[in-house]
>>> print(open('protein.tsv').read())   # TSV, C-alpha atoms and all ligand atoms
chain	number	residue	atom	x	y	z
S	1	MET	CA	0.00	0.00	0.00
S	2	ARG	CA	1.49	3.33	-1.11
S	3	LEU	CA	0.30	6.93	-1.32
S	4	GLU	CA	0.11	8.11	-4.93
S	5	GLY	CA	2.10	11.32	-4.57
S	6	ILE	CA	0.61	14.76	-3.92
S	7	HIS	CA	-3.17	14.98	-4.43
S	8	HIS	CA	-3.58	18.75	-4.04
S	9	ILE	CA	-2.07	21.75	-2.28
S	10	THR	CA	-4.31	24.38	-0.70
S	11	ALA	CA	-3.26	27.98	-0.08
S	12	ILE	CA	-4.89	31.30	0.81
S	13	THR	CA	-5.64	34.27	-1.41
S	14	ALA	CA	-6.96	37.70	-0.54
S	15	ASP	CA	-8.37	38.31	-4.03
S	16	ALA	CA	-10.06	35.54	-6.04
S	17	GLN	CA	-10.12	37.35	-9.39
S	18	ARG	CA	-6.45	38.31	-9.19
S	19	ASN	CA	-5.75	34.69	-8.24
S	20	VAL	CA	-7.63	33.42	-11.33
S	21	ASP	CA	-5.88	35.98	-13.53
S	22	PHE	CA	-2.50	34.68	-12.35
S	23	TYR	CA	-2.96	30.90	-12.15
S	24	ALA	CA	-5.29	30.45	-15.13
S	25	GLY	CA	-4.29	33.53	-17.13
S	26	VAL	CA	-0.52	33.59	-16.68
S	27	MET	CA	0.46	30.10	-15.47
S	28	GLY	CA	-1.92	28.42	-17.91
S	29	LEU	CA	-3.66	26.14	-15.43
S	30	ARG	CA	-7.35	25.39	-15.87
S	31	LEU	CA	-9.89	26.64	-13.32
S	32	VAL	CA	-11.59	23.26	-12.85
S	33	LYS	CA	-13.88	23.97	-9.92
S	34	LYS	CA	-15.37	27.11	-8.46
S	35	THR	CA	-17.01	26.21	-5.17
S	36	VAL	CA	-17.09	27.30	-1.52
S	37	ASN	CA	-14.97	26.41	1.48
S	38	GLN	CA	-17.00	23.59	3.04
S	39	ASP	CA	-15.89	24.65	6.53
S	40	ASN	CA	-16.85	28.30	5.84
S	41	PRO	CA	-19.31	28.41	2.90
S	42	SER	CA	-19.31	32.21	2.71
S	43	VAL	CA	-15.91	32.18	0.93
S	44	TYR	CA	-14.65	30.75	-2.35
S	45	HIS	CA	-12.66	27.60	-2.80
S	46	LEU	CA	-11.02	27.68	-6.24
S	47	PHE	CA	-9.27	24.69	-7.83
S	48	PHE	CA	-6.68	25.00	-10.60
S	49	ALA	CA	-5.34	21.90	-12.32
S	50	ASP	CA	-4.62	20.22	-15.64
S	51	GLU	CA	-7.29	19.92	-18.33
S	52	LYS	CA	-8.97	16.96	-16.63
S	53	GLY	CA	-8.77	18.20	-13.04
S	54	SER	CA	-6.36	15.41	-12.11
S	55	PRO	CA	-4.99	14.84	-8.63
S	56	GLY	CA	-1.27	15.59	-8.79
S	57	SER	CA	-1.79	18.95	-10.51
S	58	ASP	CA	-4.41	20.52	-8.32
S	59	LEU	CA	-3.54	23.82	-6.60
S	60	THR	CA	-6.48	25.20	-4.64
S	61	PHE	CA	-7.19	28.47	-2.84
S	62	PHE	CA	-9.50	29.63	-0.11
S	63	GLU	CA	-10.35	33.30	-0.64
S	64	PHE	CA	-10.39	35.48	2.45
S	65	PRO	CA	-11.04	38.87	0.84
S	66	GLY	CA	-8.49	41.46	1.91
S	67	VAL	CA	-6.61	39.22	4.39
S	68	PRO	CA	-3.11	40.63	5.02
S	69	PRO	CA	-0.07	38.82	3.58
S	70	GLY	CA	1.20	35.79	5.50
S	71	ARG	CA	4.77	34.77	6.27
S	72	ALA	CA	5.98	31.18	6.06
S	73	GLY	CA	7.69	29.82	9.18
S	74	ALA	CA	8.30	26.58	11.06
S	75	GLY	CA	5.43	24.17	10.42
S	76	ASP	CA	4.52	25.62	7.02
S	77	VAL	CA	4.87	24.41	3.47
S	78	HIS	CA	6.76	27.34	1.94
S	79	ARG	CA	7.31	26.36	-1.69
S	80	VAL	CA	5.44	24.47	-4.41
S	81	VAL	CA	7.71	22.63	-6.87
S	82	TRP	CA	6.26	21.91	-10.33
S	83	ARG	CA	7.65	19.69	-13.06
S	84	VAL	CA	8.45	21.06	-16.48
S	85	GLY	CA	9.90	19.18	-19.44
S	86	SER	CA	13.02	21.08	-20.51
S	87	GLY	CA	15.32	24.07	-20.28
S	88	ASP	CA	13.28	25.58	-23.14
S	89	SER	CA	10.32	25.55	-20.79
S	90	LEU	CA	12.31	27.47	-18.17
S	91	ASP	CA	13.26	30.04	-20.86
S	92	PHE	CA	9.60	30.37	-21.82
S	93	TRP	CA	8.41	30.88	-18.24
S	94	GLU	CA	11.22	33.29	-17.35
S	95	LYS	CA	10.11	35.49	-20.23
S	96	ARG	CA	6.35	35.06	-19.70
S	97	LEU	CA	6.58	35.80	-15.99
S	98	GLY	CA	8.74	38.86	-16.70
S	99	VAL	CA	6.22	40.24	-19.22
S	100	ASN	CA	3.59	39.85	-16.50
S	101	GLY	CA	5.62	41.74	-13.93
S	102	ILE	CA	6.91	38.72	-11.98
S	103	GLU	CA	10.64	38.54	-11.29
S	104	SER	CA	12.18	35.10	-11.33
S	105	GLU	CA	15.52	33.58	-10.41
S	106	ARG	CA	17.12	31.05	-12.72
S	107	ALA	CA	19.35	28.26	-11.45
S	108	GLU	CA	20.61	25.04	-13.03
S	109	GLY	CA	17.48	23.19	-14.12
S	110	SER	CA	15.07	25.39	-12.20
S	111	LEU	CA	13.27	28.72	-12.05
S	112	ARG	CA	12.03	30.26	-8.83
S	113	PHE	CA	9.48	33.02	-8.34
S	114	SER	CA	6.68	34.17	-6.07
S	115	ASP	CA	3.05	34.67	-7.07
S	116	PRO	CA	1.55	38.19	-6.73
S	117	GLU	CA	0.74	37.44	-3.06
S	118	GLY	CA	4.13	36.02	-2.10
S	119	LEU	CA	3.53	32.25	-2.45
S	120	ASP	CA	6.83	30.74	-3.62
S	121	HIS	CA	7.06	28.41	-6.60
S	122	GLU	CA	9.82	26.52	-8.36
S	123	LEU	CA	9.67	25.05	-11.85
S	124	LEU	CA	12.00	22.07	-12.06
S	125	VAL	CA	13.20	20.08	-15.06
S	126	ALA	CA	12.45	16.69	-13.51
S	127	ALA	CA	13.40	13.36	-15.07
S	128	VAL	CA	10.45	11.21	-13.99
S	129	ASP	CA	8.23	8.91	-16.02
S	130	ASP	CA	4.93	10.00	-14.43
S	131	GLU	CA	2.24	11.14	-16.87
S	132	PRO	CA	2.58	14.90	-17.53
S	133	LEU	CA	-0.58	16.62	-16.26
S	134	ILE	CA	-1.07	19.51	-18.68
S	135	ALA	CA	-3.75	22.16	-19.15
S	136	ASP	CA	-4.58	23.67	-22.56
S	137	HIS	CA	-3.98	27.40	-22.77
S	138	PRO	CA	-3.93	29.44	-26.00
S	139	GLU	CA	-0.61	31.12	-25.12
S	140	VAL	CA	1.21	28.14	-23.55
S	141	PRO	CA	2.47	25.40	-25.93
S	142	ALA	CA	1.77	21.96	-24.43
S	143	GLU	CA	5.45	20.92	-24.46
S	144	LEU	CA	6.34	23.99	-22.33
S	145	ALA	CA	3.41	23.81	-19.89
S	146	LEU	CA	3.47	22.88	-16.22
S	147	ARG	CA	3.26	19.09	-15.82
S	148	GLY	CA	1.96	18.69	-12.27
S	149	PHE	CA	3.55	18.72	-8.84
S	150	HIS	CA	7.00	17.37	-8.10
S	151	ALA	CA	7.35	18.35	-4.43
S	152	VAL	CA	6.50	20.66	-1.61
S	153	ARG	CA	9.18	22.15	0.61
S	154	ALA	CA	8.37	22.72	4.30
S	155	TYR	CA	10.09	24.39	7.24
S	156	SER	CA	10.83	22.13	10.20
S	157	ALA	CA	13.03	22.73	13.23
S	158	ALA	CA	13.03	19.01	14.14
S	159	PRO	CA	12.50	16.88	11.04
S	160	ASP	CA	13.52	13.64	12.77
S	161	ALA	CA	10.41	13.82	14.95
S	162	SER	CA	8.32	12.96	11.87
S	163	ARG	CA	10.19	9.78	10.97
S	164	GLY	CA	7.87	7.29	12.73
S	165	LEU	CA	4.74	8.73	11.13
S	166	PHE	CA	6.26	8.82	7.66
S	167	GLU	CA	7.42	5.22	7.94
S	168	ALA	CA	3.85	4.27	8.92
S	169	LEU	CA	2.63	6.12	5.82
S	170	ALA	CA	5.09	4.09	3.69
S	171	LEU	CA	7.05	7.18	2.62
S	172	GLU	CA	10.66	6.49	1.59
S	173	PRO	CA	13.64	8.65	2.61
S	174	ALA	CA	14.67	10.82	-0.37
S	175	GLY	CA	17.25	13.60	-0.32
S	176	GLU	CA	16.31	16.28	2.21
S	177	GLY	CA	13.03	14.56	2.96
S	178	TRP	CA	10.63	11.85	1.90
S	179	GLU	CA	8.91	10.47	-1.17
S	180	ALA	CA	5.38	9.14	-1.59
S	181	ARG	CA	5.76	6.93	-4.65
S	182	GLY	CA	2.70	4.95	-5.72
S	183	GLU	CA	1.89	2.89	-8.80
S	184	GLN	CA	0.85	5.92	-10.88
S	185	ARG	CA	2.68	8.92	-9.44
S	186	GLY	CA	5.23	10.07	-6.93
S	187	GLY	CA	5.68	13.27	-4.97
S	188	LEU	CA	8.31	14.58	-2.57
S	189	TYR	CA	8.08	16.23	0.83
S	190	LEU	CA	11.32	18.12	1.48
S	191	TYR	CA	12.48	20.01	4.56
S	192	ASP	CA	14.38	23.26	5.00
S	193	GLU	CA	15.67	25.01	8.12
S	194	PRO	CA	12.99	27.44	9.31
S	195	PRO	CA	13.56	31.18	9.44
S	196	ALA	CA	13.82	32.87	12.86
S	197	GLU	CA	10.49	34.71	12.58
S	198	PRO	CA	7.37	32.72	13.50
S	199	ALA	CA	4.84	31.73	10.89
S	200	LEU	CA	1.93	34.04	10.17
S	201	GLN	CA	-0.99	32.68	8.17
S	202	GLY	CA	-2.37	35.02	5.53
S	203	ALA	CA	-2.49	35.70	1.81
S	204	GLY	CA	0.11	33.59	0.02
S	205	SER	CA	0.31	31.02	2.85
S	206	VAL	CA	-0.05	27.32	2.19
S	207	HIS	CA	-2.88	25.93	4.32
S	208	HIS	CA	-2.26	22.20	3.83
S	209	VAL	CA	-0.86	19.54	1.52
S	210	ALA	CA	-2.96	16.53	0.58
S	211	TRP	CA	-1.54	13.12	-0.34
S	212	ALA	CA	-3.38	10.81	-2.71
S	213	SER	CA	-4.93	7.52	-1.62
S	214	LYS	CA	-6.66	4.85	-3.62
S	215	ILE	CA	-10.35	4.92	-2.65
S	216	ASP	CA	-10.38	1.45	-1.07
S	217	GLU	CA	-7.24	2.10	1.00
S	218	HIS	CA	-8.34	5.39	2.57
S	219	THR	CA	-9.60	4.10	5.93
S	220	GLU	CA	-6.52	1.91	6.31
S	221	TRP	CA	-4.28	5.01	5.99
S	222	ARG	CA	-6.30	6.56	8.81
S	223	GLU	CA	-5.70	3.51	11.01
S	224	ARG	CA	-1.98	3.60	10.24
S	225	ALA	CA	-1.75	7.32	11.08
S	226	ILE	CA	-3.47	6.69	14.42
S	227	ALA	CA	-1.15	3.76	15.18
S	228	ALA	CA	1.84	6.06	14.54
S	229	GLY	CA	0.54	8.64	17.04
S	230	ALA	CA	-1.21	11.12	14.73
S	231	GLN	CA	-4.72	12.38	15.48
S	232	PRO	CA	-6.63	12.30	12.20
S	233	THR	CA	-10.15	13.66	11.82
S	234	PRO	CA	-12.92	11.22	10.96
S	235	VAL	CA	-13.30	10.60	7.21
S	236	ILE	CA	-14.98	13.71	5.77
S	237	ASP	CA	-16.91	13.46	2.51
S	238	ARG	CA	-15.83	16.47	0.41
S	239	PHE	CA	-18.09	15.26	-2.44
S	240	TYR	CA	-15.25	15.49	-5.00
S	241	PHE	CA	-13.10	13.22	-2.81
S	242	ARG	CA	-13.02	11.93	0.78
S	243	SER	CA	-10.50	13.35	3.23
S	244	ILE	CA	-8.82	12.96	6.58
S	245	TYR	CA	-6.65	15.67	8.16
S	246	PHE	CA	-3.92	15.61	10.79
S	247	ARG	CA	-0.79	17.57	11.68
S	248	GLU	CA	2.54	15.87	11.18
S	249	PRO	CA	4.99	16.44	14.08
S	250	SER	CA	6.64	19.44	12.35
S	251	GLY	CA	3.28	21.21	12.49
S	252	VAL	CA	2.39	21.01	8.79
S	253	LEU	CA	-1.27	20.17	8.18
S	254	PHE	CA	-1.56	16.97	6.13
S	255	GLU	CA	-4.62	15.67	4.36
S	256	ILE	CA	-5.04	12.26	2.77
S	257	ALA	CA	-7.60	12.50	-0.03
S	258	THR	CA	-9.05	9.82	-2.28
S	259	LEU	CA	-8.38	9.54	-6.02
S	260	GLY	CA	-11.99	10.17	-6.90
S	261	PRO	CA	-14.82	10.49	-7.58
S	262	GLY	CA	-13.35	13.75	-8.95
S	263	PHE	CA	-14.55	17.03	-10.42
S	264	THR	CA	-16.78	15.59	-13.15
S	265	VAL	CA	-19.16	14.26	-10.53
S	266	ASP	CA	-21.35	17.39	-10.84
S	267	GLU	CA	-20.44	19.04	-14.16
S	268	PRO	CA	-19.20	17.78	-17.53
S	269	LEU	CA	-15.48	17.86	-18.33
S	270	GLU	CA	-15.88	20.54	-21.03
S	271	HIS	CA	-17.60	22.95	-18.63
S	272	LEU	CA	-15.58	22.43	-15.44
S	273	GLY	CA	-15.25	25.54	-13.30
S	274	GLU	CA	-17.56	27.82	-15.26
S	275	LYS	CA	-20.36	28.04	-12.71
S	276	LEU	CA	-20.45	28.10	-8.92
S	277	SER	CA	-20.65	24.42	-7.92
S	278	LEU	CA	-22.18	23.56	-4.58
S	279	PRO	CA	-22.12	19.98	-3.32
S	280	PRO	CA	-25.63	18.63	-2.58
S	281	ASP	CA	-25.31	19.27	1.16
S	282	TYR	CA	-24.58	22.96	0.41
S	283	GLU	CA	-27.04	23.56	-2.45
S	284	HIS	CA	-29.65	24.93	-0.03
S	285	LEU	CA	-27.21	27.78	0.77
S	286	ARG	CA	-26.96	28.97	-2.87
S	287	ALA	CA	-29.48	31.80	-2.61
S	288	GLU	CA	-27.68	33.05	0.47
S	289	VAL	CA	-24.01	32.69	-0.53
S	290	GLU	CA	-23.93	33.26	-4.29
S	291	PRO	CA	-25.03	36.94	-4.22
S	292	LYS	CA	-22.32	37.68	-1.63
S	293	LEU	CA	-19.47	36.18	-3.66
S	294	ARG	CA	-17.86	38.55	-6.12
S	295	PRO	CA	-18.15	36.84	-9.54
S	296	VAL	CA	-14.82	35.52	-10.85
S	297	LYS	CA	-14.07	34.41	-14.36
S	298	ASP	CA	-11.19	32.96	-16.32
S	299	LEU	CA	-10.85	35.55	-19.11
S	300	SER	CA	-7.87	33.87	-20.79
S	301	ARG	CA	-9.63	31.08	-22.69
Y	401	ZN	ZN	-7.50	19.84	0.95
>>> encode(input="protein.tsv", output="structure tokens", more="lines below")
Ligand code: ZN
Amino acid sequence: MRLEGIHHITAITADAQRNVDFYAGVMGLRLVKKTVNQDNPSVYHLFFADEKGSPGSDLTFFEFPGVPPGRAGAGDVHRVVWRVGSGDSLDFWEKRLGVNGIESERAEGSLRFSDPEGLDHELLVAAVDDEPLIADHPEVPAELALRGFHAVRAYSAAPDASRGLFEALALEPAGEGWEARGEQRGGLYLYDEPPAEPALQGAGSVHHVAWASKIDEHTEWRERAIAAGAQPTPVIDRFYFRSIYFREPSGVLFEIATLGPGFTVDEPLEHLGEKLSLPPDYEHLRAEVEPKLRPVKDLSR
């Protein structure tokens, strides 16, 4: 039994439309679901991914309008690492980001930058055989596009404290951290020394990282996490997938989410993300919440 890499990464934005303009408009991801935060249905939960809304490519945001910028510290994921296919891709993104007012820093095989709210990203030329998870965008050639997640980097003052839990979750030691390598995909969880200043959650902060589970193995992962000393929530039905949540000893919030049923459960593939989707248990709130949400739209396609 193995986790199938990163399922999704969830962060915080202060401005949903600016967020859509950047991730769909500039980065070329597809807005695959526009819904509400199920724990606070008065705010948006936006999902950006490849064309099919696949786990492994899914960056999501809770919108808290006007929230001040956050600051990553110990116990936070502080960088999202994406796969790209070549040095040509890095050239393309260096130029495209620059045209859109985003400075980037080139290193051997990688390009680093921050989104307009300070969330750090790295594009990495990664030699892995996993299926590239690509979105169609009129200005981004498919061979240069983002290909899904490679890793997240987190700040931990005591990374060894997490060893027992990660062994229970069948992660393998890899470089400065651990790898979840399943049958279909792999993803890395890498540690860095934390900065001196404490973490402050806000715009541009990562809220949690979710690891992918096969549907029939989900409850077993929960049992294993409990046996290793973690305190997972009960299984929560998020409608698009089922989830458990717990903090790993470094303080980072983990989720384990199922590979399905997925985003086509309530709208067809060709129209993903166009309308406000509310899971059945939230549909009765539509008349109340929809008028209060500022409309957002992907204007790039
Ligand atoms: Zn999540």
>>> closest_residue(input="protein.tsv", among="S:Gly175, S:Pro279, S:Gly204, S:Gly109", to="Asp76 in chain S", atoms="only C-alpha atoms")
S:Gly204
>>> closest_atom_pairs(input="protein.tsv", of="range 125-170 of chain S", to="range 38-57 of chain S", cutoff="10 Å", atoms="only C-alpha atoms", output="CSV")
residue,atom,partner,partner_atom,distance
S:Glu131,CA,S:Gly56,CA,9.9
S:Pro132,CA,S:Asp50,CA,9.1
S:Leu133,CA,S:Asp50,CA,5.4
S:Ile134,CA,S:Asp50,CA,4.7
S:Ala135,CA,S:Asp50,CA,4.1
S:Asp136,CA,S:Glu51,CA,6.3
S:His137,CA,S:Glu51,CA,9.3
S:Ala145,CA,S:Asp50,CA,9.8
S:Leu146,CA,S:Asp50,CA,8.5
S:Arg147,CA,S:Ser57,CA,7.3
S:Gly148,CA,S:Ser57,CA,4.2
S:Phe149,CA,S:Ser57,CA,5.6
S:His150,CA,S:Gly56,CA,8.5
>>> residues_near_ligand(input="protein.tsv", ligand="ligand ZN 401 (chain Y)", cutoff="8 Å", atoms="all atoms listed in the file", output="MDAnalysis selection string")
chainID S and resid 8:10 60 208:210 243 255 257
>>> write_last_selection(input="protein.tsv", atoms="C-alpha atoms", output="short mmCIF file (atom, residue, chain, number, x, y, z; two decimals), in the frame of the given file")
data_model
loop_
_atom_site.label_atom_id
_atom_site.label_comp_id
_atom_site.auth_asym_id
_atom_site.auth_seq_id
_atom_site.Cartn_x
_atom_site.Cartn_y
_atom_site.Cartn_z
CA HIS S 8 -3.58 18.75 -4.04
CA ILE S 9 -2.07 21.75 -2.28
CA THR S 10 -4.31 24.38 -0.70
CA THR S 60 -6.48 25.20 -4.64
CA HIS S 208 -2.26 22.20 3.83
CA VAL S 209 -0.86 19.54 1.52
CA ALA S 210 -2.96 16.53 0.58
CA SER S 243 -10.50 13.35 3.23
CA GLU S 255 -4.62 15.67 4.36
CA ALA S 257 -7.60 12.50 -0.03
#
>>> atom_distance(input="protein.tsv", atom1="CA of Leu171 in chain S", atom2="CA of Gly187 in chain S")
9.8 Å
>>> atom_distance(input="protein.tsv", atom1="CA of Asp129 in chain S", atom2="CA of Gly273 in chain S")
28.9 Å
>>> closest_residue(input="protein.tsv", among="S:Val296, S:Met1, S:Val125, S:Val140", to="Gly28 in chain S", atoms="all atoms listed in the file")
S:Val140
>>> residues_around(input="protein.tsv", residues="Pro69 in chain S", least_positions_apart="3", cutoff="10 Å", atoms="only C-alpha atoms", output="JSON, numbers by chain")
{"S": [12, 13, 14, 66, 117, 118, 119, 200, 201, 202, 203, 204, 205]}
>>> residues_near_point(input="protein.tsv", point="(12.9, 31.0, 7.9)", cutoff="9 Å", atoms="all atoms listed in the file", output="PyMOL selection string")
chain S and resi 72-74+155+192-199
>>> residues_around(input="protein.tsv", residues="Ser86 in chain S", least_positions_apart="5", cutoff="9 Å", atoms="only C-alpha atoms", output="CSV table (one decimal) with C-alpha atoms, keeping the file's coordinate frame")
chain,number,residue,atom,x,y,z
S,91,ASP,CA,13.3,30.0,-20.9
S,109,GLY,CA,17.5,23.2,-14.1
S,124,LEU,CA,12.0,22.1,-12.1
S,125,VAL,CA,13.2,20.1,-15.1
S,126,ALA,CA,12.4,16.7,-13.5
S,143,GLU,CA,5.4,20.9,-24.5
S,144,LEU,CA,6.3,24.0,-22.3
>>> atom_distance(input="protein.tsv", atom1="CA of Arg79 in chain S", atom2="CA of Leu111 in chain S")
12.2 Å
>>> closest_residue(input="protein.tsv", among="S:Glu274, S:Lys297, S:Ala230, S:Ser250", to="Asn19 in chain S", atoms="all atoms listed in the file")
S:Lys297
